[in-house]
file data16.pdb (PDB, C-alpha atoms)
ATOM      1  CA  GLY A   1       6.723  18.516   1.127
ATOM      2  CA  GLY A   2       6.147  15.029  -0.311
ATOM      3  CA  GLY A   3       9.753  13.904   0.004
ATOM      4  CA  LEU A   4      11.164  10.692   1.447
ATOM      5  CA  VAL A   5      14.162  11.396   3.687
ATOM      6  CA  GLY A   6      17.027   9.045   4.521
ATOM      7  CA  MET A   7      18.460   9.747   7.963
ATOM      8  CA  ASN A   8      21.665   8.808   9.712
ATOM      9  CA  PRO A   9      20.554   6.705  12.701
ATOM     10  CA  ALA A  10      23.667   7.616  14.689
ATOM     11  CA  ASN A  11      23.040  11.367  14.848
ATOM     12  CA  GLY A  12      19.703  12.090  13.126
ATOM     13  CA  SER A  13      21.193  14.100  10.283
ATOM     14  CA  SER A  14      19.662  13.921   6.833
ATOM     15  CA  ARG A  15      21.596  11.840   4.292
ATOM     16  CA  TRP A  16      19.321  12.465   1.329
ATOM     17  CA  GLU A  17      15.828  13.584   0.330
ATOM     18  CA  SER A  18      13.942  12.359  -2.708
ATOM     19  CA  PRO A  19      10.577  13.782  -3.877
ATOM     20  CA  ILE A  20       7.699  11.304  -4.230
ATOM     21  CA  ALA A  21       5.252  14.070  -5.214
ATOM     22  CA  ALA A  22       5.522  17.782  -5.989
ATOM     23  CA  PRO A  23       3.243  20.382  -4.394
ATOM     24  CA  ARG A  24       0.595  21.778  -6.736
ATOM     25  CA  GLY A  25      -2.442  24.018  -6.403
ATOM     26  CA  THR A  26      -3.302  27.672  -6.032
ATOM     27  CA  ASN A  27      -3.186  28.047  -2.243
ATOM     28  CA  ASP A  28      -1.241  26.675   0.721
ATOM     29  CA  VAL A  29      -3.839  24.031   1.569
ATOM     30  CA  GLU A  30      -3.960  22.687  -2.002
ATOM     31  CA  ARG A  31      -0.130  22.562  -2.057
ATOM     32  CA  LEU A  32       0.103  20.316   1.014
ATOM     33  CA  VAL A  33       1.748  17.008   0.109
ATOM     34  CA  ASP A  34       2.452  14.398   2.782
ATOM     35  CA  LEU A  35       3.646  10.826   2.663
ATOM     36  CA  THR A  36       1.160   8.462   4.226
ATOM     37  CA  GLY A  37       0.902   4.874   5.406
ATOM     38  CA  THR A  38       3.491   2.142   5.398
ATOM     39  CA  VAL A  39       6.364   1.943   2.940
ATOM     40  CA  SER A  40       7.468  -1.154   1.080
ATOM     41  CA  ARG A  41      11.147  -2.028   1.331
ATOM     42  CA  VAL A  42      13.051  -4.704  -0.546
ATOM     43  CA  ASP A  43      16.830  -4.438  -0.095
ATOM     44  CA  ASN A  44      17.667  -0.784  -0.886
ATOM     45  CA  ASN A  45      14.472  -0.110  -2.819
ATOM     46  CA  LEU A  46      11.903   1.922  -0.828
ATOM     47  CA  CYS A  47       8.436   2.669  -2.189
ATOM     48  CA  ALA A  48       6.005   5.135  -0.605
ATOM     49  CA  ARG A  49       2.695   6.896  -1.245
ATOM     50  CA  ALA A  50       2.081  10.635  -1.262
ATOM     51  CA  TYR A  51      -1.427  11.389   0.009
ATOM     52  CA  PHE A  52      -3.840  11.537  -2.981
ATOM     53  CA  ALA A  53      -0.992  12.407  -5.370
ATOM     54  CA  SER A  54       1.365   9.601  -6.391
ATOM     55  CA  ILE A  55       3.448   6.601  -5.460
ATOM     56  CA  GLY A  56       7.159   6.265  -6.092
ATOM     57  CA  CYS A  57      10.268   4.227  -5.425
ATOM     58  CA  VAL A  58      13.653   5.471  -4.255
ATOM     59  CA  ASP A  59      17.111   3.889  -4.274
ATOM     60  CA  ALA A  60      17.968   4.215  -0.569
ATOM     61  CA  THR A  61      21.708   3.818  -1.179
ATOM     62  CA  ARG A  62      21.979   6.967  -3.308
ATOM     63  CA  GLY A  63      18.684   8.669  -2.428
ATOM     64  CA  THR A  64      17.645   8.927  -6.068
ATOM     65  CA  LEU A  65      14.074   8.705  -7.276
ATOM     66  CA  LEU A  66      13.717   5.621  -9.484
ATOM     67  CA  TRP A  67      10.160   6.410 -10.630
ATOM     68  CA  ASN A  68       6.850   7.908  -9.557
ATOM     69  CA  LYS A  69       3.336   7.463 -10.919
ATOM     70  CA  PRO A  70       0.040   9.235 -10.227
ATOM     71  CA  ALA A  71      -2.126   7.408  -7.680
ATOM     72  CA  GLN A  72      -5.216   8.532  -5.787
ATOM     73  CA  GLY A  73      -5.017   6.859  -2.401
ATOM     74  CA  SER A  74      -4.369   7.574   1.234
ATOM     75  CA  ASP A  75      -3.291   4.194   2.616
ATOM     76  CA  GLY A  76       0.134   2.604   2.655
ATOM     77  CA  LEU A  77       1.651   0.121   0.257
ATOM     78  CA  ALA A  78       2.665  -3.518   0.395
ATOM     79  CA  GLY A  79       5.171  -5.125  -1.880
ATOM     80  CA  ASP A  80       7.595  -7.850  -2.798
ATOM     81  CA  ASP A  81      10.650  -8.033  -5.052
ATOM     82  CA  ARG A  82       8.420  -7.967  -8.146
ATOM     83  CA  ALA A  83       5.533  -5.581  -7.418
ATOM     84  CA  ILE A  84       4.000  -2.831  -5.275
ATOM     85  CA  TYR A  85       0.354  -3.185  -4.209
ATOM     86  CA  GLY A  86      -2.053  -0.477  -3.122
ATOM     87  CA  THR A  87      -5.694   0.442  -2.700
ATOM     88  CA  GLU A  88      -7.058   3.617  -4.245
ATOM     89  CA  SER A  89      -9.630   6.023  -2.823
ATOM     90  CA  ASN A  90     -12.297   4.725  -5.238
ATOM     91  CA  GLY A  91     -11.843   1.110  -4.059
ATOM     92  CA  ALA A  92      -9.636  -0.092  -6.917
ATOM     93  CA  VAL A  93      -6.784  -2.458  -6.018
ATOM     94  CA  THR A  94      -3.674  -1.959  -8.153
ATOM     95  CA  ALA A  95      -0.291  -3.612  -8.645
ATOM     96  CA  TRP A  96       2.667  -1.731 -10.127
ATOM     97  CA  ARG A  97       5.941  -3.277 -11.306
ATOM     98  CA  ARG A  98       8.587  -2.489  -8.682
ATOM     99  CA  GLY A  99      11.345  -1.863 -11.217
ATOM    100  CA  ASP A 100       9.707   0.844 -13.330
ATOM    101  CA  GLY A 101       6.221   1.561 -11.935
ATOM    102  CA  GLU A 102       4.300   0.222 -14.905
ATOM    103  CA  ARG A 103       0.851  -1.076 -13.988
ATOM    104  CA  LEU A 104       0.705  -4.882 -13.802
ATOM    105  CA  TRP A 105      -3.007  -5.143 -13.045
ATOM    106  CA  SER A 106      -5.886  -3.253 -11.511
ATOM    107  CA  ILE A 107      -9.271  -4.539 -10.368
ATOM    108  CA  ASP A 108     -12.341  -2.496  -9.605
ATOM    109  CA  SER A 109     -14.532  -5.231  -8.126
ATOM    110  CA  TYR A 110     -14.497  -3.360  -4.797
ATOM    111  CA  LYS A 111     -15.127   0.063  -6.293
ATOM    112  CA  TYR A 112     -16.625   2.635  -3.924
ATOM    113  CA  ARG A 113     -15.915   0.479  -0.873
ATOM    114  CA  THR A 114     -13.637   1.572   1.930
ATOM    115  CA  LEU A 115     -10.496  -0.588   1.849
ATOM    116  CA  THR A 116      -7.472  -0.807   4.117
ATOM    117  CA  ALA A 117      -3.908  -0.916   2.867
ATOM    118  CA  PRO A 118      -3.026  -4.372   1.566
ATOM    119  CA  LEU A 119      -0.810  -6.870   3.349
ATOM    120  CA  ALA A 120       1.285  -9.192   1.177
ATOM    121  CA  VAL A 121       1.670 -12.690   2.655
ATOM    122  CA  GLY A 122       2.827 -15.639   0.577
ATOM    123  CA  ARG A 123       0.840 -15.679  -2.662
ATOM    124  CA  THR A 124      -1.936 -13.577  -1.120
ATOM    125  CA  LEU A 125      -2.900  -9.935  -0.685
ATOM    126  CA  ILE A 126      -5.054  -9.421   2.401
ATOM    127  CA  ILE A 127      -7.276  -6.339   2.512
ATOM    128  CA  GLY A 128      -9.830  -5.253   5.093
ATOM    129  CA  GLU A 129     -13.118  -3.748   3.953
ATOM    130  CA  GLY A 130     -15.500  -1.246   5.533
ATOM    131  CA  THR A 131     -18.406  -3.708   5.307
ATOM    132  CA  GLY A 132     -16.598  -6.140   7.614
ATOM    133  CA  GLN A 133     -15.124  -8.460   4.999
ATOM    134  CA  LEU A 134     -11.525  -9.592   4.955
ATOM    135  CA  LEU A 135     -10.521 -10.098   1.315
ATOM    136  CA  PHE A 136      -7.855 -12.560   0.167
ATOM    137  CA  LEU A 137      -6.636 -11.808  -3.387
ATOM    138  CA  ASN A 138      -4.099 -13.526  -5.637
ATOM    139  CA  ARG A 139      -0.947 -11.369  -5.894
ATOM    140  CA  GLU A 140      -0.375 -12.439  -9.497
ATOM    141  CA  ASP A 141      -3.574 -11.011 -10.974
ATOM    142  CA  GLY A 142      -5.845  -9.715  -8.162
ATOM    143  CA  SER A 143      -8.353 -12.533  -8.552
ATOM    144  CA  PRO A 144     -10.341 -13.398  -5.412
ATOM    145  CA  LEU A 145      -9.129 -16.378  -3.380
ATOM    146  CA  ASN A 146     -11.310 -16.146  -0.276
ATOM    147  CA  ARG A 147     -13.454 -13.798   1.798
ATOM    148  CA  LEU A 148     -14.148 -13.902   5.541
ATOM    149  CA  SER A 149     -16.246 -11.863   7.938
ATOM    150  CA  PRO A 150     -14.580 -11.889  11.389
ATOM    151  CA  ASP A 151     -17.497 -10.444  13.384
ATOM    152  CA  GLY A 152     -19.572  -8.467  10.873
ATOM    153  CA  SER A 153     -18.221  -5.046  11.848
ATOM    154  CA  PRO A 154     -15.865  -2.993   9.668
ATOM    155  CA  ILE A 155     -12.150  -3.798   9.690
ATOM    156  CA  ALA A 156     -10.719  -0.961  11.812
ATOM    157  CA  VAL A 157      -7.024  -0.908  10.852
ATOM    158  CA  ASP A 158      -4.702  -2.322   8.223
ATOM    159  CA  PRO A 159      -4.042  -6.053   8.706
ATOM    160  CA  VAL A 160      -0.569  -6.777  10.120
ATOM    161  CA  LEU A 161       1.684  -9.804  10.193
ATOM    162  CA  ALA A 162       2.895 -11.091  13.578
ATOM    163  CA  ALA A 163       5.248 -14.048  13.087
ATOM    164  CA  ASN A 164       3.219 -16.231  10.693
ATOM    165  CA  THR A 165      -0.207 -14.952  11.778
ATOM    166  CA  VAL A 166      -2.236 -12.200  10.121
ATOM    167  CA  VAL A 167      -3.836 -10.063  12.833
ATOM    168  CA  VAL A 168      -7.075  -8.192  12.109
ATOM    169  CA  VAL A 169      -8.901  -5.740  14.393
ATOM    170  CA  THR A 170     -12.576  -4.847  13.931
ATOM    171  CA  ARG A 171     -14.626  -1.840  15.031
ATOM    172  CA  LYS A 172     -16.412  -3.974  17.640
ATOM    173  CA  GLY A 173     -13.007  -4.517  19.257
ATOM    174  CA  GLY A 174     -12.503  -8.048  17.990
ATOM    175  CA  VAL A 175      -8.924  -9.198  17.437
ATOM    176  CA  PHE A 176      -8.607 -12.128  15.043
ATOM    177  CA  GLY A 177      -5.642 -14.153  13.835
ATOM    178  CA  TYR A 178      -5.421 -16.043  10.540
ATOM    179  CA  ARG A 179      -2.708 -18.213   9.050
ATOM    180  CA  PRO A 180      -2.998 -18.098   5.258
ATOM    181  CA  GLU A 181      -1.510 -20.944   3.265
TER     182      GLU A 181
END
call {"tool": "encode", "arguments": {"input": "data16.pdb", "output": "structure tokens"}}
result
Amino acid sequence: GGGLVGMNPANGSSRWESPIAAPRGTNDVERLVDLTGTVSRVDNNLCARAYFASIGCVDATRGTLLWNKPAQGSDGLAGDDRAIYGTESNGAVTAWRRGDGERLWSIDSYKYRTLTAPLAVGRTLIIGEGTGQLLFLNREDGSPLNRLSPDGSPIAVDPVLAANTVVVVTRKGGVFGYRPE
């Protein structure tokens, strides 16, 4: 139903539920709302995406919704103590202020390209692209820092961080590690 649930790890009972998005539409299929992708957590602040509906942040201590904003994406979010970062279905990359959800910046340089969820590492956002590029963007304003092509095939999954190495997997089966500065 588009809600983020806090659970008691000792017994699996629900502590709280907070709606990230509300169901809407005229039939059961249109009213489906699911949370998708990775969440961003900083202390007790959890931010999540509802599939093609919205993003929102919840205070995990009380289970209260802090804010939610419309967003048209299907991939998870990355974040830090200042901002939440996400890719939209049309290829836009957007940053929202973590405290109140106001948009900090949005770039459409990659419009109509298939992008993975971003990974926030240091001063960089790392995003995989369907054309096989690995994009490195500045977290402050979304400006491009670098671009690499691991093996020319599309990036298959969201980049992940393992220790201090960014791991990228391509459709050809290549597994690549990068250490951004």
call {"tool": "resolve_selection", "arguments": {"input": "data16.pdb", "expression": "the PyMOL selection byres ((chain A and resi 94-108) around 8)", "output": "PDB file with C-alpha atoms, in the frame of the given file"}}
result
ATOM      1  CA  GLY A  56       7.159   6.265  -6.092  1.00  0.00           C
ATOM      2  CA  CYS A  57      10.268   4.227  -5.425  1.00  0.00           C
ATOM      3  CA  LEU A  66      13.717   5.621  -9.484  1.00  0.00           C
ATOM      4  CA  TRP A  67      10.160   6.410 -10.630  1.00  0.00           C
ATOM      5  CA  ASN A  68       6.850   7.908  -9.557  1.00  0.00           C
ATOM      6  CA  LYS A  69       3.336   7.463 -10.919  1.00  0.00           C
ATOM      7  CA  ASP A  81      10.650  -8.033  -5.052  1.00  0.00           C
ATOM      8  CA  ARG A  82       8.420  -7.967  -8.146  1.00  0.00           C
ATOM      9  CA  ALA A  83       5.533  -5.581  -7.418  1.00  0.00           C
ATOM     10  CA  ILE A  84       4.000  -2.831  -5.275  1.00  0.00           C
ATOM     11  CA  TYR A  85       0.354  -3.185  -4.209  1.00  0.00           C
ATOM     12  CA  GLY A  86      -2.053  -0.477  -3.122  1.00  0.00           C
ATOM     13  CA  THR A  87      -5.694   0.442  -2.700  1.00  0.00           C
ATOM     14  CA  GLU A  88      -7.058   3.617  -4.245  1.00  0.00           C
ATOM     15  CA  GLY A  91     -11.843   1.110  -4.059  1.00  0.00           C
ATOM     16  CA  ALA A  92      -9.636  -0.092  -6.917  1.00  0.00           C
ATOM     17  CA  VAL A  93      -6.784  -2.458  -6.018  1.00  0.00           C
ATOM     18  CA  SER A 109     -14.532  -5.231  -8.126  1.00  0.00           C
ATOM     19  CA  TYR A 110     -14.497  -3.360  -4.797  1.00  0.00           C
ATOM     20  CA  LYS A 111     -15.127   0.063  -6.293  1.00  0.00           C
ATOM     21  CA  ASP A 141      -3.574 -11.011 -10.974  1.00  0.00           C
ATOM     22  CA  GLY A 142      -5.845  -9.715  -8.162  1.00  0.00           C
TER      23      GLY A 142
END
call {"tool": "atom_distance", "arguments": {"input": "data16.pdb", "atom1": "atom CA of Ile55 of chain A", "atom2": "atom CA of Leu115 of chain A"}}
result
17.3 Å
call {"tool": "atom_distance", "arguments": {"input": "data16.pdb", "atom1": "atom CA of Arg15 of chain A", "atom2": "atom CA of Ala120 of chain A"}}
result
29.4 Å
call {"tool": "atom_distance", "arguments": {"input": "data16.pdb", "atom1": "atom CA of Gly3 of chain A", "atom2": "atom CA of Ala117 of chain A"}}
result
20.4 Å
call {"tool": "resolve_selection", "arguments": {"input": "data16.pdb", "expression": "the PyMOL selection byres ((chain A and resi 166) around 8)", "output": "PyMOL selection string"}}
result
chain A and resi 159-162+164-165+167-168+177-180
call {"tool": "resolve_selection", "arguments": {"input": "data16.pdb", "expression": "the PyMOL selection byres ((chain A and resi 4) around 6)", "output": "mmCIF file with C-alpha atoms, in the frame of the given file"}}
result
data_model
loop_
_atom_site.group_PDB
_atom_site.id
_atom_site.type_symbol
_atom_site.label_atom_id
_atom_site.label_comp_id
_atom_site.auth_asym_id
_atom_site.auth_seq_id
_atom_site.Cartn_x
_atom_site.Cartn_y
_atom_site.Cartn_z
ATOM 1 C CA GLY A 3 9.753 13.904 0.004
ATOM 2 C CA VAL A 5 14.162 11.396 3.687
ATOM 3 C CA GLU A 17 15.828 13.584 0.330
ATOM 4 C CA SER A 18 13.942 12.359 -2.708
#
call {"tool": "axis_aligned_box", "arguments": {"input": "data16.pdb", "around": "segment 154-170 of chain A", "padding_each_side": "5 Å", "output": "JSON"}}
result
{"center_x": -5.3, "center_y": -8.6, "center_z": 11.3, "size_x": 31.1, "size_y": 25.3, "size_z": 16.2}
call {"tool": "closest_residue", "arguments": {"input": "data16.pdb", "among": "A:Arg49, A:Asp28, A:Thr61, A:Lys172", "to": "Asn8 of chain A", "atoms": "only C-alpha atoms"}}
result
A:Thr61
call {"tool": "residues_around", "arguments": {"input": "data16.pdb", "residues": "Val33 of chain A", "least_positions_apart": "4", "cutoff": "10 Å", "atoms": "all atoms listed in the file", "output": "JSON, numbers by chain"}}
result
{"A": [1, 2, 3, 20, 21, 22, 23, 24, 29, 50, 51, 52, 53, 54]}
call {"tool": "closest_residue", "arguments": {"input": "data16.pdb", "among": "A:Asp43, A:Asp151, A:Asp158, A:Glu140", "to": "Leu119 of chain A", "atoms": "only C-alpha atoms"}}
result
A:Asp158
call {"tool": "build_atoms", "arguments": {"input": "data16.pdb", "residues": "segment 110-121 of chain A", "atoms": "all heavy atoms", "output": "mmCIF file, keeping the file's coordinate frame"}}
result
data_model
loop_
_atom_site.group_PDB
_atom_site.id
_atom_site.type_symbol
_atom_site.label_atom_id
_atom_site.label_comp_id
_atom_site.auth_asym_id
_atom_site.auth_seq_id
_atom_site.Cartn_x
_atom_site.Cartn_y
_atom_site.Cartn_z
ATOM 1 N N TYR A 110 -14.171 -3.902 -6.118
ATOM 2 C CA TYR A 110 -14.497 -3.360 -4.797
ATOM 3 C C TYR A 110 -14.665 -1.844 -4.872
ATOM 4 O O TYR A 110 -14.498 -1.144 -3.886
ATOM 5 C CB TYR A 110 -13.416 -3.760 -3.794
ATOM 6 C CG TYR A 110 -13.135 -5.237 -3.853
ATOM 7 C CD1 TYR A 110 -11.994 -5.736 -4.473
ATOM 8 C CD2 TYR A 110 -14.054 -6.149 -3.357
ATOM 9 C CE1 TYR A 110 -11.767 -7.092 -4.574
ATOM 10 C CE2 TYR A 110 -13.834 -7.509 -3.457
ATOM 11 C CZ TYR A 110 -12.696 -7.969 -4.064
ATOM 12 O OH TYR A 110 -12.482 -9.318 -4.176
ATOM 13 N N LYS A 111 -14.997 -1.363 -6.064
ATOM 14 C CA LYS A 111 -15.127 0.063 -6.293
ATOM 15 C C LYS A 111 -16.157 0.672 -5.351
ATOM 16 O O LYS A 111 -17.195 0.088 -5.093
ATOM 17 C CB LYS A 111 -15.529 0.316 -7.737
ATOM 18 C CG LYS A 111 -14.982 1.607 -8.257
ATOM 19 C CD LYS A 111 -14.987 1.642 -9.745
ATOM 20 C CE LYS A 111 -14.145 2.822 -10.149
ATOM 21 N NZ LYS A 111 -13.893 2.895 -11.526
ATOM 22 N N TYR A 112 -15.808 1.837 -4.838
ATOM 23 C CA TYR A 112 -16.625 2.635 -3.924
ATOM 24 C C TYR A 112 -16.803 1.980 -2.556
ATOM 25 O O TYR A 112 -17.712 2.330 -1.815
ATOM 26 C CB TYR A 112 -17.976 2.995 -4.556
ATOM 27 C CG TYR A 112 -17.791 3.630 -5.905
ATOM 28 C CD1 TYR A 112 -18.243 3.013 -7.049
ATOM 29 C CD2 TYR A 112 -17.088 4.833 -6.022
ATOM 30 C CE1 TYR A 112 -18.034 3.583 -8.298
ATOM 31 C CE2 TYR A 112 -16.872 5.398 -7.260
ATOM 32 C CZ TYR A 112 -17.350 4.777 -8.391
ATOM 33 O OH TYR A 112 -17.135 5.332 -9.619
ATOM 34 N N ARG A 113 -15.946 1.041 -2.225
ATOM 35 C CA ARG A 113 -15.915 0.479 -0.873
ATOM 36 C C ARG A 113 -14.693 1.039 -0.160
ATOM 37 O O ARG A 113 -13.705 1.402 -0.769
ATOM 38 C CB ARG A 113 -15.832 -1.040 -0.916
ATOM 39 C CG ARG A 113 -17.038 -1.672 -1.580
ATOM 40 C CD ARG A 113 -16.962 -3.160 -1.483
ATOM 41 N NE ARG A 113 -17.910 -3.791 -2.385
ATOM 42 C CZ ARG A 113 -18.016 -5.084 -2.528
ATOM 43 N NH1 ARG A 113 -17.244 -5.899 -1.829
ATOM 44 N NH2 ARG A 113 -18.888 -5.593 -3.362
ATOM 45 N N THR A 114 -14.756 1.093 1.144
ATOM 46 C CA THR A 114 -13.637 1.572 1.930
ATOM 47 C C THR A 114 -12.705 0.404 2.208
ATOM 48 O O THR A 114 -13.100 -0.568 2.855
ATOM 49 C CB THR A 114 -14.137 2.172 3.260
ATOM 50 O OG1 THR A 114 -15.080 3.195 2.958
ATOM 51 C CG2 THR A 114 -12.998 2.734 4.070
ATOM 52 N N LEU A 115 -11.467 0.495 1.702
ATOM 53 C CA LEU A 115 -10.496 -0.588 1.849
ATOM 54 C C LEU A 115 -9.315 -0.136 2.683
ATOM 55 O O LEU A 115 -8.934 1.031 2.670
ATOM 56 C CB LEU A 115 -9.996 -1.033 0.467
ATOM 57 C CG LEU A 115 -11.049 -1.490 -0.541
ATOM 58 C CD1 LEU A 115 -10.389 -1.806 -1.877
ATOM 59 C CD2 LEU A 115 -11.807 -2.695 -0.018
ATOM 60 N N THR A 116 -8.708 -1.083 3.401
ATOM 61 C CA THR A 116 -7.472 -0.807 4.117
ATOM 62 C C THR A 116 -6.299 -0.944 3.156
ATOM 63 O O THR A 116 -6.458 -1.373 2.010
ATOM 64 C CB THR A 116 -7.262 -1.802 5.279
ATOM 65 O OG1 THR A 116 -7.028 -3.113 4.734
ATOM 66 C CG2 THR A 116 -8.445 -1.820 6.230
ATOM 67 N N ALA A 117 -5.122 -0.628 3.629
ATOM 68 C CA ALA A 117 -3.908 -0.916 2.867
ATOM 69 C C ALA A 117 -3.772 -2.431 2.773
ATOM 70 O O ALA A 117 -4.198 -3.167 3.666
ATOM 71 C CB ALA A 117 -2.695 -0.316 3.553
ATOM 72 N N PRO A 118 -3.194 -2.925 1.693
ATOM 73 C CA PRO A 118 -3.026 -4.372 1.566
ATOM 74 C C PRO A 118 -1.854 -4.881 2.407
ATOM 75 O O PRO A 118 -0.954 -4.133 2.768
ATOM 76 C CB PRO A 118 -2.732 -4.559 0.076
ATOM 77 C CG PRO A 118 -2.166 -3.262 -0.370
ATOM 78 C CD PRO A 118 -2.760 -2.205 0.506
ATOM 79 N N LEU A 119 -1.907 -6.166 2.698
ATOM 80 C CA LEU A 119 -0.810 -6.870 3.349
ATOM 81 C C LEU A 119 -0.441 -8.030 2.442
ATOM 82 O O LEU A 119 -1.309 -8.822 2.075
ATOM 83 C CB LEU A 119 -1.238 -7.380 4.729
ATOM 84 C CG LEU A 119 -0.225 -8.266 5.466
ATOM 85 C CD1 LEU A 119 1.030 -7.473 5.830
ATOM 86 C CD2 LEU A 119 -0.858 -8.862 6.705
ATOM 87 N N ALA A 120 0.820 -8.118 2.052
ATOM 88 C CA ALA A 120 1.285 -9.192 1.177
ATOM 89 C C ALA A 120 1.854 -10.325 2.033
ATOM 90 O O ALA A 120 2.798 -10.119 2.789
ATOM 91 C CB ALA A 120 2.344 -8.672 0.218
ATOM 92 N N VAL A 121 1.240 -11.505 1.915
ATOM 93 C CA VAL A 121 1.670 -12.690 2.655
ATOM 94 C C VAL A 121 1.634 -13.878 1.702
ATOM 95 O O VAL A 121 0.568 -14.216 1.179
ATOM 96 C CB VAL A 121 0.758 -12.975 3.876
ATOM 97 C CG1 VAL A 121 1.209 -14.227 4.609
ATOM 98 C CG2 VAL A 121 0.713 -11.791 4.816
#
